[in-house]
Amino acid sequence: MARTVQQKQGWIGWLLFRDLWTGLRLTLRYMFSKTITHKYPDHEKWLPYHRHRGHHFMKTNDEGDVNCVGCELCAKICPCDCITVIPYEDEKGNRRPKVFDINLSRCLYCGLCEDACPADAIKLGQEYEVASTTTDALIVHLEDLIAAPHKAEKGAGTVIPASLSKNGSGKTIDQANGKGHDWWQMLKRKNNQTKD
Ligand code: SF4
Ligand code: SF4
């Protein structure tokens, strides 16, 4: 989590309006620096950090079964009441979800469901392009969660080449061979002003 480091200043700083001059210097620096435009969604796309909380995904085991044991803890802890779990017992005697729906139009992306899950099944991943013109499309089912992108590992925190999908989904698609760049560094932020 980014946080600003506050510098203590003495009475001389107050007297000389040190904060005011620091702010003005920063404003002037950006006024005369090169403008950086993030070309999203036509040519570039942000690849979030590993810790980003986006569209949920469901983890599966080596046999292809979902990790979820249908305990409903995630549904109970969800502050928005947007998870629906209906469990059943499969042929091996394992408890699994028959229905696992998440209403993304109500979701806060708080991550409480991920924290509460005892089976390491539900996670919040890197996908953030979830906008839709209908709320029905924002109710995602078990198969959507299994297919959803996982957390970003490689190249996280960079901007990668991408283009808008032509299939009418309105989402961008990643360009596999493109080299990413650190967009924040291009903004020339002072390293001693913020820390991750
Ligand atoms: S991220 Fe938070 S609001 Fe969204 S489904 Fe999980 S617990 Fe509910
Ligand atoms: S995702 Fe986790 S917490 Fe939710 S029902 Fe499945 S096992 Fe339980």
# chains A, B, ... in the order shown; residues from 1 in each chain; ligands from 1

call {"tool": "residues_around", "arguments": {"residues": "stretch 132-145 of chain A", "least_positions_apart": "2", "cutoff": "6 Å", "atoms": "only C-alpha atoms", "output": "PyMOL selection string"}}
result
chain A and resi 57-58+100-105+147-148

call {"tool": "write_last_selection", "arguments": {"atoms": "N, CA and C atoms", "output": "PDB file, in the first residue's frame"}}
result
ATOM      1  N   PHE A  57     -11.448 -15.502  -8.927  1.00  0.00           N
ATOM      2  CA  PHE A  57     -11.258 -16.754  -9.652  1.00  0.00           C
ATOM      3  C   PHE A  57     -11.296 -17.909  -8.664  1.00  0.00           C
ATOM      4  N   MET A  58     -11.602 -19.092  -9.180  1.00  0.00           N
ATOM      5  CA  MET A  58     -11.699 -20.292  -8.336  1.00  0.00           C
ATOM      6  C   MET A  58     -10.530 -21.212  -8.645  1.00  0.00           C
ATOM      7  N   PHE A 100     -22.287 -21.702  -7.467  1.00  0.00           N
ATOM      8  CA  PHE A 100     -21.415 -20.725  -6.811  1.00  0.00           C
ATOM      9  C   PHE A 100     -21.491 -19.465  -7.659  1.00  0.00           C
ATOM     10  N   ASP A 101     -22.302 -18.524  -7.240  1.00  0.00           N
ATOM     11  CA  ASP A 101     -22.499 -17.280  -7.994  1.00  0.00           C
ATOM     12  C   ASP A 101     -21.978 -16.091  -7.182  1.00  0.00           C
ATOM     13  N   ILE A 102     -21.414 -15.137  -7.885  1.00  0.00           N
ATOM     14  CA  ILE A 102     -21.027 -13.867  -7.247  1.00  0.00           C
ATOM     15  C   ILE A 102     -21.642 -12.738  -8.057  1.00  0.00           C
ATOM     16  N   ASN A 103     -22.344 -11.846  -7.378  1.00  0.00           N
ATOM     17  CA  ASN A 103     -22.928 -10.679  -8.043  1.00  0.00           C
ATOM     18  C   ASN A 103     -21.916  -9.534  -7.973  1.00  0.00           C
ATOM     19  N   LEU A 104     -21.177  -9.359  -9.070  1.00  0.00           N
ATOM     20  CA  LEU A 104     -20.106  -8.356  -9.067  1.00  0.00           C
ATOM     21  C   LEU A 104     -20.626  -6.919  -9.006  1.00  0.00           C
ATOM     22  N   SER A 105     -21.913  -6.724  -9.338  1.00  0.00           N
ATOM     23  CA  SER A 105     -22.447  -5.355  -9.274  1.00  0.00           C
ATOM     24  C   SER A 105     -22.607  -4.897  -7.831  1.00  0.00           C
ATOM     25  N   ALA A 147     -12.551 -20.099 -15.116  1.00  0.00           N
ATOM     26  CA  ALA A 147     -11.848 -19.615 -16.316  1.00  0.00           C
ATOM     27  C   ALA A 147     -11.216 -18.229 -16.128  1.00  0.00           C
ATOM     28  N   ALA A 148     -11.568 -17.525 -15.081  1.00  0.00           N
ATOM     29  CA  ALA A 148     -11.103 -16.136 -14.903  1.00  0.00           C
ATOM     30  C   ALA A 148      -9.590 -16.071 -14.689  1.00  0.00           C
TER      31      ALA A 148
END

call {"tool": "residues_near_ligand", "arguments": {"ligand": "ligand 1", "cutoff": "10 Å", "atoms": "only C-alpha atoms and all ligand atoms", "output": "VMD selection string"}}
result
chain A and resid 53 to 56 73 to 84 101 to 116 122 to 124

call {"tool": "select_by_dssp", "arguments": {"residues": "chain A", "states": "strand (DSSP E or B)", "output": "PyMOL selection string"}}
result
chain A and resi 3-4+44-47+56-58+60+66+83-89+95-103+122-124+139-140+158-164+172-174+181+194-195

call {"tool": "write_last_selection", "arguments": {"atoms": "N, CA and C atoms", "output": "tab-separated table (two decimals), in the first residue's frame"}}
result
chain	number	residue	atom	x	y	z
A	3	ARG	N	2.12	4.89	0.70
A	3	ARG	CA	1.85	5.86	1.74
A	3	ARG	C	2.83	7.03	1.59
A	4	THR	N	2.39	8.20	1.97
A	4	THR	CA	3.23	9.38	1.84
A	4	THR	C	4.05	9.56	3.10
A	44	GLU	N	-2.57	-0.05	-25.06
A	44	GLU	CA	-1.87	-0.46	-23.84
A	44	GLU	C	-2.86	-0.89	-22.77
A	45	LYS	N	-2.31	-1.64	-21.82
A	45	LYS	CA	-3.15	-2.10	-20.72
A	45	LYS	C	-2.30	-2.22	-19.45
A	46	TRP	N	-2.88	-1.83	-18.33
A	46	TRP	CA	-2.21	-1.93	-17.04
A	46	TRP	C	-2.28	-3.37	-16.54
A	47	LEU	N	-1.13	-3.91	-16.17
A	47	LEU	CA	-1.09	-5.25	-15.57
A	47	LEU	C	-0.90	-5.06	-14.07
A	56	HIS	N	-12.88	-12.18	-9.17
A	56	HIS	CA	-12.55	-13.41	-8.44
A	56	HIS	C	-12.21	-14.55	-9.41
A	57	PHE	N	-11.45	-15.50	-8.93
A	57	PHE	CA	-11.26	-16.75	-9.65
A	57	PHE	C	-11.30	-17.91	-8.66
A	58	MET	N	-11.60	-19.09	-9.18
A	58	MET	CA	-11.70	-20.29	-8.34
A	58	MET	C	-10.53	-21.21	-8.65
A	60	THR	N	-8.39	-24.72	-8.75
A	60	THR	CA	-8.71	-26.14	-8.92
A	60	THR	C	-7.49	-26.97	-8.50
A	66	VAL	N	-12.64	-28.35	-8.30
A	66	VAL	CA	-12.46	-27.08	-7.60
A	66	VAL	C	-12.06	-27.34	-6.14
A	83	ILE	N	-22.61	-13.35	-2.50
A	83	ILE	CA	-22.18	-14.71	-2.88
A	83	ILE	C	-23.30	-15.69	-2.57
A	84	THR	N	-23.60	-16.55	-3.54
A	84	THR	CA	-24.59	-17.61	-3.34
A	84	THR	C	-23.89	-18.95	-3.52
A	85	VAL	N	-23.93	-19.79	-2.48
A	85	VAL	CA	-23.31	-21.12	-2.57
A	85	VAL	C	-24.38	-22.16	-2.24
A	86	ILE	N	-24.55	-23.12	-3.14
A	86	ILE	CA	-25.42	-24.28	-2.84
A	86	ILE	C	-24.55	-25.52	-2.97
A	87	PRO	N	-24.27	-26.21	-1.85
A	87	PRO	CA	-23.37	-27.36	-1.89
A	87	PRO	C	-24.08	-28.66	-2.28
A	88	TYR	N	-23.29	-29.64	-2.69
A	88	TYR	CA	-23.79	-31.00	-2.92
A	88	TYR	C	-22.64	-31.96	-2.64
A	89	GLU	N	-22.93	-33.25	-2.62
A	89	GLU	CA	-21.88	-34.25	-2.39
A	89	GLU	C	-21.64	-34.99	-3.69
A	95	ARG	N	-17.68	-32.86	-0.61
A	95	ARG	CA	-18.64	-31.75	-0.66
A	95	ARG	C	-18.11	-30.69	-1.62
A	96	ARG	N	-18.92	-30.34	-2.60
A	96	ARG	CA	-18.52	-29.38	-3.64
A	96	ARG	C	-19.66	-28.38	-3.87
A	97	PRO	N	-19.40	-27.26	-4.52
A	97	PRO	CA	-20.49	-26.32	-4.80
A	97	PRO	C	-21.27	-26.74	-6.06
A	98	LYS	N	-22.57	-26.86	-5.91
A	98	LYS	CA	-23.42	-27.11	-7.09
A	98	LYS	C	-23.66	-25.79	-7.80
A	99	VAL	N	-23.88	-24.76	-6.98
A	99	VAL	CA	-24.03	-23.40	-7.49
A	99	VAL	C	-23.04	-22.53	-6.73
A	100	PHE	N	-22.29	-21.70	-7.47
A	100	PHE	CA	-21.42	-20.73	-6.81
A	100	PHE	C	-21.49	-19.46	-7.66
A	101	ASP	N	-22.30	-18.52	-7.24
A	101	ASP	CA	-22.50	-17.28	-7.99
A	101	ASP	C	-21.98	-16.09	-7.18
A	102	ILE	N	-21.41	-15.14	-7.89
A	102	ILE	CA	-21.03	-13.87	-7.25
A	102	ILE	C	-21.64	-12.74	-8.06
A	103	ASN	N	-22.34	-11.85	-7.38
A	103	ASN	CA	-22.93	-10.68	-8.04
A	103	ASN	C	-21.92	-9.53	-7.97
A	122	ILE	N	-11.30	-19.60	-3.22
A	122	ILE	CA	-11.72	-18.36	-3.89
A	122	ILE	C	-10.64	-17.29	-3.70
A	123	LYS	N	-10.28	-16.64	-4.79
A	123	LYS	CA	-9.22	-15.62	-4.76
A	123	LYS	C	-9.66	-14.43	-5.60
A	124	LEU	N	-9.08	-13.29	-5.33
A	124	LEU	CA	-9.34	-12.12	-6.17
A	124	LEU	C	-8.13	-11.92	-7.08
A	139	ILE	N	-23.41	-11.08	-12.88
A	139	ILE	CA	-23.53	-12.24	-11.99
A	139	ILE	C	-22.69	-13.36	-12.61
A	140	VAL	N	-21.57	-13.68	-11.97
A	140	VAL	CA	-20.67	-14.68	-12.53
A	140	VAL	C	-20.89	-16.03	-11.83
A	158	THR	N	3.27	-3.24	-14.46
A	158	THR	CA	3.76	-2.56	-15.67
A	158	THR	C	2.61	-2.34	-16.65
A	159	VAL	N	2.91	-1.55	-17.66
A	159	VAL	CA	1.94	-1.35	-18.74
A	159	VAL	C	2.43	-2.17	-19.93
A	160	ILE	N	1.54	-3.01	-20.45
A	160	ILE	CA	1.94	-3.90	-21.55
A	160	ILE	C	1.14	-3.53	-22.81
A	161	PRO	N	1.69	-3.85	-23.98
A	161	PRO	CA	0.93	-3.60	-25.20
A	161	PRO	C	-0.33	-4.45	-25.24
A	162	ALA	N	-1.42	-3.88	-25.69
A	162	ALA	CA	-2.69	-4.60	-25.77
A	162	ALA	C	-3.55	-3.94	-26.83
A	163	SER	N	-4.64	-4.57	-27.19
A	163	SER	CA	-5.55	-3.93	-28.14
A	163	SER	C	-6.98	-4.31	-27.77
A	164	LEU	N	-7.92	-3.52	-28.25
A	164	LEU	CA	-9.32	-3.75	-27.92
A	164	LEU	C	-9.82	-4.98	-28.68
A	172	THR	N	-9.92	-5.54	-23.42
A	172	THR	CA	-8.65	-5.53	-24.15
A	172	THR	C	-8.06	-6.93	-24.14
A	173	ILE	N	-7.22	-7.19	-25.12
A	173	ILE	CA	-6.51	-8.47	-25.15
A	173	ILE	C	-5.01	-8.20	-25.08
A	174	ASP	N	-4.29	-9.04	-24.33
A	174	ASP	CA	-2.86	-8.84	-24.16
A	174	ASP	C	-2.10	-9.24	-25.41
A	181	HIS	N	6.41	-1.60	-19.94
A	181	HIS	CA	7.22	-0.53	-19.37
A	181	HIS	C	6.58	-0.02	-18.08
A	194	THR	N	7.16	8.59	-1.98
A	194	THR	CA	6.22	7.49	-1.76
A	194	THR	C	6.97	6.20	-1.57
A	195	LYS	N	6.35	5.31	-0.80
A	195	LYS	CA	6.92	3.97	-0.62
A	195	LYS	C	5.80	2.98	-0.82

call {"tool": "atom_distance", "arguments": {"atom1": "atom CA of A:His150", "atom2": "atom CA of A:Gly64"}}
result
15.6 Å

call {"tool": "closest_residue", "arguments": {"among": "A:Gln175, A:Gly170, A:Ala131, A:Cys71", "to": "ligand 2", "atoms": "only C-alpha atoms and all ligand atoms"}}
result
A:Cys71

call {"tool": "closest_residue", "arguments": {"among": "A:Met186, A:Leu26, A:Leu20, A:Ile146", "to": "ligand 2", "atoms": "only C-alpha atoms and all ligand atoms"}}
result
A:Ile146

call {"tool": "select_by_dssp", "arguments": {"residues": "chain A", "states": "alpha helix (DSSP H)", "output": "ChimeraX atom specification"}}
result
/A:11-15,18-31,73-77,112-116,142-147,183-186

call {"tool": "closest_residue", "arguments": {"among": "A:Lys59, A:Lys166, A:Lys171, A:His50", "to": "ligand 2", "atoms": "only C-alpha atoms and all ligand atoms"}}
result
A:Lys59

call {"tool": "closest_residue", "arguments": {"among": "A:Ala121, A:Ile12, A:Ala152, A:Leu24", "to": "ligand 2", "atoms": "only C-alpha atoms and all ligand atoms"}}
result
A:Ala121

call {"tool": "closest_residue", "arguments": {"among": "A:Cys117, A:Asp65, A:Gly13, A:Met31", "to": "ligand 2", "atoms": "only C-alpha atoms and all ligand atoms"}}
result
A:Cys117
